[in-house]
Structure formats: C-alpha cells, structure tokens
$ cat run-v3.txt   # compact mmCIF, C-alpha atoms and all ligand atoms
# COMPACT_ATOMS: atom_id res chain seq x y z
CA MET A 15 0.00 0.00 0.00
CA ARG A 16 1.20 3.53 -0.83
CA LYS A 17 2.55 5.30 2.26
CA ILE A 18 1.34 8.65 3.56
CA PRO A 19 3.82 11.11 5.15
CA VAL A 20 2.13 11.87 8.49
CA LEU A 21 3.20 14.49 11.03
CA GLU A 22 0.38 14.35 13.54
CA VAL A 23 -2.66 12.27 14.39
CA PHE A 24 -4.70 13.82 17.20
CA GLY A 25 -8.12 14.18 18.74
CA PRO A 26 -10.89 13.94 19.38
CA THR A 27 -11.09 17.71 19.45
CA ILE A 28 -13.37 20.22 17.74
CA GLN A 29 -12.96 21.61 14.25
CA GLY A 30 -11.94 25.18 15.00
CA GLU A 31 -12.45 26.66 11.53
CA GLY A 32 -14.87 27.10 8.70
CA MET A 33 -17.88 25.20 7.45
CA VAL A 34 -18.07 22.58 10.21
CA ILE A 35 -16.75 24.68 13.08
CA GLY A 36 -17.49 22.98 16.38
CA GLN A 37 -17.74 19.49 14.85
CA LYS A 38 -16.11 16.85 17.04
CA THR A 39 -13.36 15.35 14.91
CA MET A 40 -9.99 13.62 14.76
CA PHE A 41 -7.14 15.24 12.78
CA VAL A 42 -4.58 13.71 10.47
CA ARG A 43 -1.88 16.21 9.48
CA THR A 44 0.26 15.34 6.48
CA ALA A 45 3.78 16.63 5.80
CA GLY A 46 4.77 18.78 2.84
CA CYS A 47 3.32 21.85 1.16
CA ASP A 48 3.66 23.44 -2.28
CA TYR A 49 3.17 26.87 -0.64
CA SER A 50 5.13 28.71 2.03
CA CYS A 51 2.70 31.27 3.43
CA ALA A 52 4.36 34.09 5.38
CA TRP A 53 2.09 33.51 8.36
CA CYS A 54 1.57 29.73 8.22
CA ASP A 55 0.62 28.39 11.65
CA SER A 56 1.74 24.90 10.61
CA ALA A 57 5.09 25.77 9.03
CA PHE A 58 6.65 22.74 10.73
CA THR A 59 4.89 20.64 8.06
CA TRP A 60 7.11 22.08 5.32
CA ASP A 61 10.05 24.09 6.75
CA GLY A 62 12.15 21.08 7.77
CA SER A 63 11.94 21.81 11.51
CA ALA A 64 9.94 18.60 12.18
CA LYS A 65 11.39 16.39 9.47
CA ASP A 66 12.46 13.76 12.02
CA ASP A 67 8.86 13.44 13.21
CA ILE A 68 7.46 12.48 9.78
CA ARG A 69 6.16 8.90 9.74
CA LEU A 70 5.54 7.09 6.46
CA MET A 71 2.33 5.20 7.17
CA ALA A 72 0.06 2.97 5.12
CA ALA A 73 -3.59 4.05 5.26
CA THR A 74 -4.32 0.98 7.42
CA GLU A 75 -1.69 2.17 9.91
CA VAL A 76 -3.22 5.65 10.02
CA TRP A 77 -6.59 4.04 10.72
CA ASP A 78 -5.02 1.90 13.50
CA LYS A 79 -3.51 5.07 15.01
CA LEU A 80 -6.86 6.90 14.87
CA LYS A 81 -8.52 3.99 16.69
CA GLU A 82 -5.66 3.76 19.20
CA ILE A 83 -5.98 7.44 20.12
CA GLY A 84 -9.68 8.08 19.56
CA GLY A 85 -11.14 4.66 20.44
CA ASP A 86 -14.86 4.72 19.77
CA ARG A 87 -15.10 8.43 20.66
CA PHE A 88 -15.16 9.77 17.09
CA SER A 89 -17.18 9.57 13.88
CA HIS A 90 -15.41 12.26 11.83
CA VAL A 91 -11.83 12.76 10.61
CA THR A 92 -10.30 15.98 9.26
CA ILE A 93 -7.31 15.73 6.96
CA SER A 94 -5.05 18.79 6.92
CA GLY A 95 -1.40 19.60 6.45
CA GLY A 96 0.70 20.93 4.82
CA ASN A 97 -1.21 20.27 1.63
CA PRO A 98 -2.84 16.82 1.69
CA ALA A 99 -3.89 17.41 -1.93
CA LEU A 100 -0.30 16.64 -2.96
CA LEU A 101 -0.95 12.99 -2.03
CA PRO A 102 -2.92 10.64 -4.30
CA GLN A 103 -2.62 7.95 -1.58
CA ILE A 104 -5.08 9.84 0.69
CA GLY A 105 -7.68 8.01 -1.41
CA ASP A 106 -6.72 4.76 0.40
CA LEU A 107 -7.45 6.35 3.78
CA LEU A 108 -10.80 7.73 2.58
CA GLU A 109 -11.86 4.23 1.49
CA ILE A 110 -11.17 2.92 5.00
CA LEU A 111 -13.01 5.82 6.65
CA LYS A 112 -16.04 5.30 4.41
CA ALA A 113 -16.08 1.55 5.03
CA ASN A 114 -16.16 2.27 8.78
CA GLY A 115 -18.93 4.88 8.58
CA ILE A 116 -16.60 7.76 9.47
CA GLY A 117 -17.24 11.23 7.99
CA SER A 118 -14.37 13.12 6.39
CA ALA A 119 -13.22 16.70 5.97
CA LEU A 120 -10.31 18.23 4.06
CA GLU A 121 -8.36 21.47 4.40
CA THR A 122 -6.48 22.51 1.26
CA GLN A 123 -5.54 25.72 -0.54
CA GLY A 124 -6.88 24.98 -4.02
CA SER A 125 -3.55 24.62 -5.80
CA ARG A 126 -3.94 20.91 -6.64
CA TRP A 127 -6.73 18.55 -7.66
CA GLN A 128 -7.20 14.92 -6.63
CA ASP A 129 -10.07 12.68 -7.79
CA TRP A 130 -10.56 11.62 -4.16
CA PHE A 131 -11.93 15.15 -3.50
CA TYR A 132 -15.23 13.59 -4.59
CA ASP A 133 -15.12 11.30 -1.53
CA ILE A 134 -14.79 14.11 1.04
CA ASN A 135 -17.92 15.01 3.05
CA ASP A 136 -16.86 18.56 4.10
CA LEU A 137 -14.31 20.09 1.77
CA THR A 138 -12.68 23.46 2.51
CA ILE A 139 -10.77 25.27 -0.22
CA SER A 140 -8.73 28.11 1.25
CA PRO A 141 -7.08 30.30 -1.41
CA LYS A 142 -4.33 32.52 -0.07
CA PRO A 143 -4.56 36.35 0.04
CA PRO A 144 -1.67 38.77 -0.75
CA SER A 145 -0.35 38.89 2.85
CA SER A 146 0.62 35.22 2.48
CA THR A 147 3.00 36.23 -0.37
CA MET A 148 1.56 33.33 -2.40
CA GLU A 149 0.15 33.72 -5.93
CA THR A 150 -3.27 32.25 -6.77
CA ASP A 151 -3.44 30.12 -9.93
CA TYR A 152 -6.96 31.06 -10.99
CA ASP A 153 -7.08 28.54 -13.88
CA ARG A 154 -6.43 25.75 -11.39
CA LEU A 155 -8.90 27.15 -8.87
CA ASP A 156 -11.61 27.62 -11.53
CA LEU A 157 -11.22 23.98 -12.52
CA ILE A 158 -11.40 22.72 -8.94
CA VAL A 159 -14.49 24.79 -8.11
CA SER A 160 -16.28 23.83 -11.33
CA ARG A 161 -15.64 20.10 -10.78
CA LEU A 162 -16.89 20.27 -7.18
CA LYS A 163 -19.97 22.27 -8.23
CA GLU A 164 -20.76 19.86 -11.05
CA ASN A 165 -20.43 16.93 -8.66
CA GLY A 166 -22.71 18.53 -6.07
CA SER A 167 -19.96 18.28 -3.46
CA ASN A 168 -20.46 19.80 -0.01
CA PHE A 169 -17.65 22.37 -0.15
CA SER A 170 -16.84 25.92 0.85
CA LEU A 171 -14.30 28.66 0.26
CA LYS A 172 -12.45 30.18 3.20
CA VAL A 173 -10.11 33.18 3.05
CA VAL A 174 -7.91 34.24 5.94
CA VAL A 175 -7.84 38.05 6.20
CA PHE A 176 -5.03 40.06 7.83
CA ASP A 177 -5.44 43.48 6.18
CA GLU A 178 -7.36 45.61 3.68
CA LYS A 179 -5.70 44.07 0.62
CA ASP A 180 -6.63 40.63 1.88
CA LEU A 181 -10.23 41.75 2.27
CA GLU A 182 -10.25 43.00 -1.34
CA TYR A 183 -8.87 39.62 -2.40
CA ALA A 184 -11.57 37.84 -0.38
CA LYS A 185 -14.21 39.96 -2.09
CA GLY A 186 -12.81 39.00 -5.49
CA ILE A 187 -12.92 35.27 -4.63
CA HIS A 188 -16.48 35.52 -3.30
CA MET A 189 -17.70 37.35 -6.40
CA ARG A 190 -15.86 35.03 -8.82
CA TYR A 191 -17.40 31.90 -7.28
CA GLU A 192 -20.94 33.08 -6.75
CA GLY A 193 -23.16 30.72 -4.79
CA VAL A 194 -20.31 28.85 -3.07
CA PRO A 195 -20.58 29.11 0.74
CA PHE A 196 -17.98 31.68 1.74
CA TYR A 197 -16.07 32.07 5.01
CA ILE A 198 -13.82 34.90 6.13
CA GLN A 199 -11.44 34.00 8.94
CA THR A 200 -9.31 36.14 11.23
CA GLY A 201 -5.59 35.76 10.73
CA ASN A 202 -3.34 34.94 13.66
CA PRO A 203 -0.29 37.23 13.27
CA GLU A 204 1.49 35.76 16.31
CA VAL A 205 1.85 32.02 15.74
CA SER A 206 4.75 31.74 18.23
CA MET A 207 3.19 33.75 21.07
CA GLU A 208 3.04 31.68 24.27
CA ASP A 209 1.08 34.18 26.37
CA THR A 210 -2.36 32.75 25.55
CA PRO A 211 -4.52 35.31 27.44
CA ARG A 212 -2.75 38.15 25.60
CA LEU A 213 -2.98 36.36 22.25
CA VAL A 214 -6.68 35.67 22.74
CA SER A 215 -7.57 39.21 23.70
CA ASN A 216 -5.67 40.53 20.65
CA LEU A 217 -7.42 38.02 18.38
CA LEU A 218 -10.85 38.94 19.75
CA LEU A 219 -10.16 42.62 19.01
CA ASP A 220 -9.06 41.66 15.47
CA TYR A 221 -12.24 39.59 15.09
CA GLU A 222 -14.37 42.55 16.16
CA ARG A 223 -12.61 44.84 13.64
CA LEU A 224 -13.06 42.25 10.88
CA ILE A 225 -16.78 41.95 11.64
CA ASP A 226 -17.07 45.74 11.48
CA VAL A 227 -15.43 46.06 8.05
CA VAL A 228 -17.32 43.10 6.57
CA CYS A 229 -20.60 44.59 7.79
CA GLU A 230 -19.83 47.82 5.92
CA GLN A 231 -19.41 46.17 2.51
CA LYS A 232 -22.38 45.44 0.27
CA GLU A 233 -20.34 42.88 -1.70
CA LEU A 234 -19.97 40.83 1.48
CA ASN A 235 -23.57 40.34 2.52
CA ASP A 236 -23.82 36.57 2.26
CA VAL A 237 -20.67 35.57 4.12
CA ARG A 238 -19.76 34.06 7.47
CA VAL A 239 -17.05 35.70 9.56
CA LEU A 240 -15.28 33.37 11.97
CA PRO A 241 -12.30 33.32 14.32
CA GLN A 242 -10.06 30.27 14.70
CA LEU A 243 -11.99 28.81 17.61
CA HIS A 244 -9.23 26.39 18.65
CA THR A 245 -6.78 29.30 18.97
CA LEU A 246 -9.20 31.16 21.24
CA VAL A 247 -9.45 28.06 23.44
CA TRP A 248 -5.88 26.71 23.38
CA GLY A 249 -3.70 29.47 21.92
CA ASN A 250 -0.83 28.26 19.74
CA LYS A 251 -0.69 24.80 21.33
CA ARG A 252 0.01 22.00 18.85
CA GLY A 253 -2.11 18.86 18.52
CA VAL A 254 -5.48 20.35 19.54
C1 LIG A 301 -2.35 25.03 8.13
S1 LIG A 301 -3.48 25.08 6.78
C2 LIG A 301 -3.30 23.44 6.08
C3 LIG A 301 -4.19 23.18 4.89
C4 LIG A 301 -3.86 23.90 3.60
N1 LIG A 301 -2.46 23.97 3.35
C5 LIG A 301 -4.46 25.28 3.61
O1 LIG A 301 -3.72 26.24 3.79
O2 LIG A 301 -5.66 25.38 3.41
C6 LIG A 301 -5.10 24.99 7.54
C7 LIG A 301 -5.82 26.29 7.62
O3 LIG A 301 -5.15 27.14 8.51
C8 LIG A 301 -5.18 28.45 8.01
N2 LIG A 301 -4.09 29.22 8.60
C9 LIG A 301 -2.77 28.98 8.50
N3 LIG A 301 -2.05 29.88 9.19
C10 LIG A 301 -2.94 30.74 9.75
C11 LIG A 301 -2.83 31.91 10.56
N4 LIG A 301 -1.64 32.37 10.96
N5 LIG A 301 -3.97 32.53 10.94
C12 LIG A 301 -5.18 32.06 10.55
N6 LIG A 301 -5.36 30.96 9.78
C13 LIG A 301 -4.25 30.32 9.38
C14 LIG A 301 -5.03 28.24 6.52
O4 LIG A 301 -5.43 29.37 5.77
C15 LIG A 301 -5.93 27.05 6.30
O5 LIG A 301 -7.24 27.49 6.09
N1 LIG A 302 -9.00 22.24 16.43
C1 LIG A 302 -8.40 22.50 15.25
N2 LIG A 302 -9.15 22.93 14.23
C2 LIG A 302 -8.52 23.14 13.05
N3 LIG A 302 -9.07 23.53 11.88
C3 LIG A 302 -8.11 23.56 10.93
C4 LIG A 302 -6.92 23.19 11.50
C5 LIG A 302 -5.70 23.01 10.69
O1 LIG A 302 -4.60 23.22 11.17
O2 LIG A 302 -5.83 22.66 9.52
C6 LIG A 302 -7.15 22.92 12.83
C7 LIG A 302 -6.37 22.48 13.96
O3 LIG A 302 -5.17 22.30 13.92
N4 LIG A 302 -7.06 22.29 15.13
S1 LIG A 303 -0.86 26.52 2.14
FE1 LIG A 303 -1.51 25.95 4.21
S2 LIG A 303 0.10 24.61 5.05
FE2 LIG A 303 0.89 25.52 3.15
S3 LIG A 303 2.08 27.24 3.87
FE3 LIG A 303 0.02 28.04 3.43
S4 LIG A 303 -1.16 27.86 5.33
FE4 LIG A 303 0.70 26.65 5.57
MG MG A 304 -4.26 25.04 12.17

$ encode --input "run-v3.txt" --output "structure tokens"
Amino acid sequence: MRKIPVLEVFGPTIQGEGMVIGQKTMFVRTAGCDYSCAWCDSAFTWDGSAKDDIRLMAATEVWDKLKEIGGDRFSHVTISGGNPALLPQIGDLLEILKANGIGSALETQGSRWQDWFYDINDLTISPKPPSSTMETDYDRLDLIVSRLKENGSNFSLKVVVFDEKDLEYAKGIHMRYEGVPFYIQTGNPEVSMEDTPRLVSNLLLDYERLIDVVCEQKELNDVRVLPQLHTLVWGNKRGV
C-alpha cells in the first residue's frame, strides 16, 4: 500500500475553523506543502523543523492510530497539512473511513486537484490572500471549483484576512465563485506567542474589527465571519 507522510494524528477535538466549526473530529496532518505562506501556523509541516517526526504510514496504519488514540469516541476525521492534496494515496485512507462509517473533511488551498476530493464530506478550499506572499493560480482554482460544483460536493471557500488588501482579495474570490458558501477568517499574526490570554484578547479585538469592516461592505452580505476557535481556546498549542 502507498505510504502517507504523516506528522500528527490527534483528537478527538473540535474543528476550529470554517464550514463545520465545532464538529467533534480527529485530525490527520500530512507533511509537505507546495506553498510557504508568510504567516503559516503549521510551518513545521514544510520548513524542515519537524522532518524527524514524519512517519511514512500505510492508510491501514493511520486508521489503527486513529482507533488507538480516539477509540470509539469519534465519527469524523479531518485531513489537513501541509497540503494533503499533494498525495494521491489519501484516497486509500478515505476508502477505509467510508467503510467504517466515518465522515471526512479536508483542508487545502486549491492549488492541486485529486479525484478523491469527490469522496470528502466537508471540503474546505482556502485560497491565499496577498499577505501570504503566495500567488493564486486562478485557472487551477476555476477547474477545482467547477468540478466540485458539477459533482454537487459539499464544499466551501475560506479566506484568511489580515489586512485591507486581503479583504479585497476575499471579495474577489467571493464574487468570482458566486453561490459557493464563503467564510472569512481572522488571521493569527502571532503564531509563536506563548502568552495565551494576551494572544486571545488581541485576536478577539481583530475579530471585532473584521466583523465591522465586513458589515460595511455590500459585496460581502452573504458571508460568514469566523475566528479560529481552537486558537481562542488553546492558543498556539500544537495537537489540539
Ligand atoms: C495550516 S493550513 C493546512 C491546509 C492547507 N495547506 C491550507 O492552507 O488550506 C489549515 C488552515 O489554517 C489556516 N491558517 C494557516 N495559518 C494561519 C494563521 N496564521 N492565521 C489564521 N489561519 C491560518 C489556513 O489558511 C488554512 O485554512
Ligand atoms: N482544532 C483544530 N481545528 C482546526 N481547523 C483547521 C486546522 C488546521 O490546522 O488545519 C485545525 C487544527 O489544527 N485544530
Ligand atoms: S498553504 Fe496551508 S500549510 Fe501551506 S504554507 Fe500556506 S497555510 Fe501553511
Ligand atoms: Mg491550524
């Protein structure tokens, strides 16, 4: 069986972001990303700092690990990274999840397509705004969105917003992909801050400001504005 480069398996916890925020879920975090966002809160998946922690696991081994950690206390698994969409072999894991009646979610940035996207129950595409320093490949993104729409997939778009330019970018994405559920998320500018109370109060102020600016814009009427709930609860702690 094709092996999956895995950095973390954890949970149960709650999904802290986007379309299924609050959902009790396990997480599988894969290693490797084709992007290098300036503010990535999971840079250890691609910057080499955790390369000794990467485990090459068959999908059956990932499933065994999920059961070992989560027991019978979960019915949903979120796959994130890095960019899990770099890995065709995630399809093997999705087959196992489906066979065991476990729901699935995916976090990816919309730079790569995999046919196994069709097997995901809650799919989040999160294109990256200017503050990330990444460039959006709109041809690629158009193709991904059109395939998911055509298939009737349960998917959403989520843009992290740090500043005004990011908000303009978010507006552009929302207007380009009309009718796709759209989420705007507060950015965490301090991914190494260990003083959680201070971090949380800063993030709540940022969230309030983001709500205010979104509420002023007529192009952003049908959107949902969310914080990263897990960061408000646990700060920058890993594995939650
Ligand atoms: C770590 S990424 C992994 C999945 C995929 N590479 C992606 O970016 O969608 C998971 C989610 O965290 C978000 N994220 C990463 N760093 C963040 C930060 N500093 N503040 C807020 N959200 C962040 C990303 O935009 C993405 O929606
Ligand atoms: N609780 C929790 N929710 C999350 N939603 C997206 C996450 C991610 O890093 O992809 C994440 C995470 O790492 N933890
Ligand atoms: S695409 Fe996702 S994992 Fe990759 S660098 Fe950006 S936020 Fe981090
Ligand atoms: Mg995260």

$ residues_around --input "run-v3.txt" --residues "Phe196 (chain A)" --least-positions-apart "2" --cutoff "9 Å" --atoms "all atoms listed in the file" --output "PDB file with C-alpha atoms, in the coordinates of the input"
ATOM      1  CA  GLY A  32     -14.870  27.100   8.700  1.00  0.00           C
ATOM      2  CA  MET A  33     -17.880  25.200   7.450  1.00  0.00           C
ATOM      3  CA  SER A 170     -16.840  25.920   0.850  1.00  0.00           C
ATOM      4  CA  LEU A 171     -14.300  28.660   0.260  1.00  0.00           C
ATOM      5  CA  LYS A 172     -12.450  30.180   3.200  1.00  0.00           C
ATOM      6  CA  VAL A 173     -10.110  33.180   3.050  1.00  0.00           C
ATOM      7  CA  ILE A 187     -12.920  35.270  -4.630  1.00  0.00           C
ATOM      8  CA  HIS A 188     -16.480  35.520  -3.300  1.00  0.00           C
ATOM      9  CA  GLY A 193     -23.160  30.720  -4.790  1.00  0.00           C
ATOM     10  CA  VAL A 194     -20.310  28.850  -3.070  1.00  0.00           C
ATOM     11  CA  ILE A 198     -13.820  34.900   6.130  1.00  0.00           C
ATOM     12  CA  ASP A 236     -23.820  36.570   2.260  1.00  0.00           C
ATOM     13  CA  VAL A 237     -20.670  35.570   4.120  1.00  0.00           C
ATOM     14  CA  ARG A 238     -19.760  34.060   7.470  1.00  0.00           C
ATOM     15  CA  VAL A 239     -17.050  35.700   9.560  1.00  0.00           C
TER      16      VAL A 239
END

$ residues_near_ligand --input "run-v3.txt" --ligand "ligand LIG 302 (chain A)" --cutoff "8 Å" --atoms "all atoms listed in the file" --output "list in words"
Thr27, Ile28, Gln29, Gly30, Glu31, Gly32, Ile35, Phe41, Arg43, Asp55, Ser56, Ile93, Ser94, Gly95, Glu121, Gln242, Leu243, His244, Thr245, Arg252, Gly253 and Val254 of chain A

$ atom_distance --input "run-v3.txt" --atom1 "CA of Leu224 (chain A)" --atom2 "CA of Asp177 (chain A)"
9.0 Å

$ atom_distance --input "run-v3.txt" --atom1 "CA of Leu155 (chain A)" --atom2 "CA of Lys38 (chain A)"
28.8 Å

$ residues_near_point --input "run-v3.txt" --point "(4.1, 23.6, -3.6)" --cutoff "12 Å" --atoms "all atoms listed in the file" --output "ChimeraX atom specification"
/A:45-51,60-61,96-101,122-126,148-151

$ closest_residue --input "run-v3.txt" --among "A:Leu108, A:Met15, A:Ala72, A:Val175" --to "Pro144 (chain A)" --atoms "all atoms listed in the file"
A:Val175

$ atom_distance --input "run-v3.txt" --atom1 "CA of Leu70 (chain A)" --atom2 "CA of Gly115 (chain A)"
24.7 Å

$ residues_around --input "run-v3.txt" --residues "Trp53 (chain A)" --least-positions-apart "6" --cutoff "10 Å" --atoms "all atoms listed in the file" --output "PyMOL selection string"
chain A and resi 145-147+176+201-205

$ write_last_selection --input "run-v3.txt" --atoms "C-alpha atoms" --output "PDB file, keeping the file's coordinate frame"
ATOM      1  CA  SER A 145      -0.350  38.890   2.850  1.00  0.00           C
ATOM      2  CA  SER A 146       0.620  35.220   2.480  1.00  0.00           C
ATOM      3  CA  THR A 147       3.000  36.230  -0.370  1.00  0.00           C
ATOM      4  CA  PHE A 176      -5.030  40.060   7.830  1.00  0.00           C
ATOM      5  CA  GLY A 201      -5.590  35.760  10.730  1.00  0.00           C
ATOM      6  CA  ASN A 202      -3.340  34.940  13.660  1.00  0.00           C
ATOM      7  CA  PRO A 203      -0.290  37.230  13.270  1.00  0.00           C
ATOM      8  CA  GLU A 204       1.490  35.760  16.310  1.00  0.00           C
ATOM      9  CA  VAL A 205       1.850  32.020  15.740  1.00  0.00           C
TER      10      VAL A 205
END

$ closest_residue --input "run-v3.txt" --among "A:Leu240, A:Ala57, A:Lys232, A:Lys251" --to "Asp220 (chain A)" --atoms "all atoms listed in the file"
A:Leu240

$ closest_residue --input "run-v3.txt" --among "A:Asp209, A:Asn250, A:Lys79, A:Thr44" --to "ligand MG 304 (chain A)" --atoms "only C-alpha atoms and all ligand atoms"
A:Asn250

$ residues_around --input "run-v3.txt" --residues "Pro211 (chain A)" --least-positions-apart "5" --cutoff "12 Å" --atoms "only C-alpha atoms" --output "list in words"
Asn216, Leu217, Leu218, Thr245, Leu246, Val247, Trp248, Gly249 and Asn250 of chain A

$ residues_near_point --input "run-v3.txt" --point "(-6.6, 8.7, -2.6)" --cutoff "10 Å" --atoms "all atoms listed in the file" --output "MDAnalysis selection string"
chainID A and resid 16 73 98:99 101:109 128:131 133

$ write_last_selection --input "run-v3.txt" --atoms "C-alpha atoms" --output "PDB file, in the frame of the given file"
ATOM      1  CA  ARG A  16       1.200   3.530  -0.830  1.00  0.00           C
ATOM      2  CA  ALA A  73      -3.590   4.050   5.260  1.00  0.00           C
ATOM      3  CA  PRO A  98      -2.840  16.820   1.690  1.00  0.00           C
ATOM      4  CA  ALA A  99      -3.890  17.410  -1.930  1.00  0.00           C
ATOM      5  CA  LEU A 101      -0.950  12.990  -2.030  1.00  0.00           C
ATOM      6  CA  PRO A 102      -2.920  10.640  -4.300  1.00  0.00           C
ATOM      7  CA  GLN A 103      -2.620   7.950  -1.580  1.00  0.00           C
ATOM      8  CA  ILE A 104      -5.080   9.840   0.690  1.00  0.00           C
ATOM      9  CA  GLY A 105      -7.680   8.010  -1.410  1.00  0.00           C
ATOM     10  CA  ASP A 106      -6.720   4.760   0.400  1.00  0.00           C
ATOM     11  CA  LEU A 107      -7.450   6.350   3.780  1.00  0.00           C
ATOM     12  CA  LEU A 108     -10.800   7.730   2.580  1.00  0.00           C
ATOM     13  CA  GLU A 109     -11.860   4.230   1.490  1.00  0.00           C
ATOM     14  CA  GLN A 128      -7.200  14.920  -6.630  1.00  0.00           C
ATOM     15  CA  ASP A 129     -10.070  12.680  -7.790  1.00  0.00           C
ATOM     16  CA  TRP A 130     -10.560  11.620  -4.160  1.00  0.00           C
ATOM     17  CA  PHE A 131     -11.930  15.150  -3.500  1.00  0.00           C
ATOM     18  CA  ASP A 133     -15.120  11.300  -1.530  1.00  0.00           C
TER      19      ASP A 133
END

$ closest_residue --input "run-v3.txt" --among "A:Lys179, A:Arg87, A:Lys112, A:Arg154" --to "Trp127 (chain A)" --atoms "all atoms listed in the file"
A:Arg154

$ closest_residue --input "run-v3.txt" --among "A:Ser215, A:Thr92, A:Asn114, A:Asn135" --to "ligand MG 304 (chain A)" --atoms "all atoms listed in the file"
A:Thr92

$ closest_residue --input "run-v3.txt" --among "A:Tyr132, A:Ala52, A:Tyr152, A:Thr200" --to "Ser167 (chain A)" --atoms "all atoms listed in the file"
A:Tyr132

$ decode --input "run-v3.txt" --residues "region 121-136 of chain A" --atoms "N, CA, C and O atoms" --output "compact mmCIF listing (two decimals), in the first residue's frame"
# COMPACT_ATOMS: atom_id res chain seq x y z
N GLU A 121 -8.83 20.08 4.47
CA GLU A 121 -8.36 21.47 4.40
C GLU A 121 -7.28 21.53 3.32
O GLU A 121 -6.26 20.85 3.43
N THR A 122 -7.50 22.36 2.30
CA THR A 122 -6.48 22.51 1.26
C THR A 122 -6.61 23.89 0.65
O THR A 122 -7.64 24.55 0.80
N GLN A 123 -5.55 24.32 -0.07
CA GLN A 123 -5.54 25.72 -0.54
C GLN A 123 -6.04 25.91 -1.96
O GLN A 123 -6.08 27.05 -2.44
N GLY A 124 -6.35 24.82 -2.66
CA GLY A 124 -6.88 24.98 -4.02
C GLY A 124 -5.81 25.12 -5.08
O GLY A 124 -6.06 25.68 -6.15
N SER A 125 -4.63 24.58 -4.81
CA SER A 125 -3.55 24.62 -5.80
C SER A 125 -3.39 23.30 -6.54
O SER A 125 -2.68 23.22 -7.54
N ARG A 126 -4.03 22.25 -6.04
CA ARG A 126 -3.94 20.91 -6.64
C ARG A 126 -5.29 20.22 -6.59
O ARG A 126 -6.05 20.40 -5.64
N TRP A 127 -5.52 19.38 -7.62
CA TRP A 127 -6.73 18.55 -7.66
C TRP A 127 -6.39 17.09 -7.39
O TRP A 127 -5.33 16.61 -7.79
N GLN A 128 -7.26 16.39 -6.71
CA GLN A 128 -7.20 14.92 -6.63
C GLN A 128 -8.61 14.38 -6.85
O GLN A 128 -9.58 14.96 -6.32
N ASP A 129 -8.74 13.26 -7.56
CA ASP A 129 -10.07 12.68 -7.79
C ASP A 129 -10.76 12.28 -6.48
O ASP A 129 -11.97 12.25 -6.39
N TRP A 130 -9.95 12.00 -5.45
CA TRP A 130 -10.56 11.62 -4.16
C TRP A 130 -11.26 12.80 -3.47
O TRP A 130 -11.93 12.60 -2.46
N PHE A 131 -11.13 14.03 -4.04
CA PHE A 131 -11.93 15.15 -3.50
C PHE A 131 -13.42 14.79 -3.50
O PHE A 131 -14.17 15.24 -2.63
N TYR A 132 -13.82 13.97 -4.49
CA TYR A 132 -15.23 13.59 -4.59
C TYR A 132 -15.70 12.76 -3.40
O TYR A 132 -16.90 12.62 -3.17
N ASP A 133 -14.75 12.16 -2.66
CA ASP A 133 -15.12 11.30 -1.53
C ASP A 133 -15.11 12.03 -0.19
O ASP A 133 -15.34 11.42 0.86
N ILE A 134 -14.83 13.33 -0.20
CA ILE A 134 -14.79 14.11 1.04
C ILE A 134 -16.19 14.65 1.37
O ILE A 134 -16.87 15.18 0.51
N ASN A 135 -16.59 14.52 2.63
CA ASN A 135 -17.92 15.01 3.05
C ASN A 135 -17.96 16.53 3.25
O ASN A 135 -18.98 17.16 2.94
N ASP A 136 -16.90 17.11 3.83
CA ASP A 136 -16.86 18.56 4.10
C ASP A 136 -15.52 19.09 3.59
O ASP A 136 -14.50 18.94 4.26
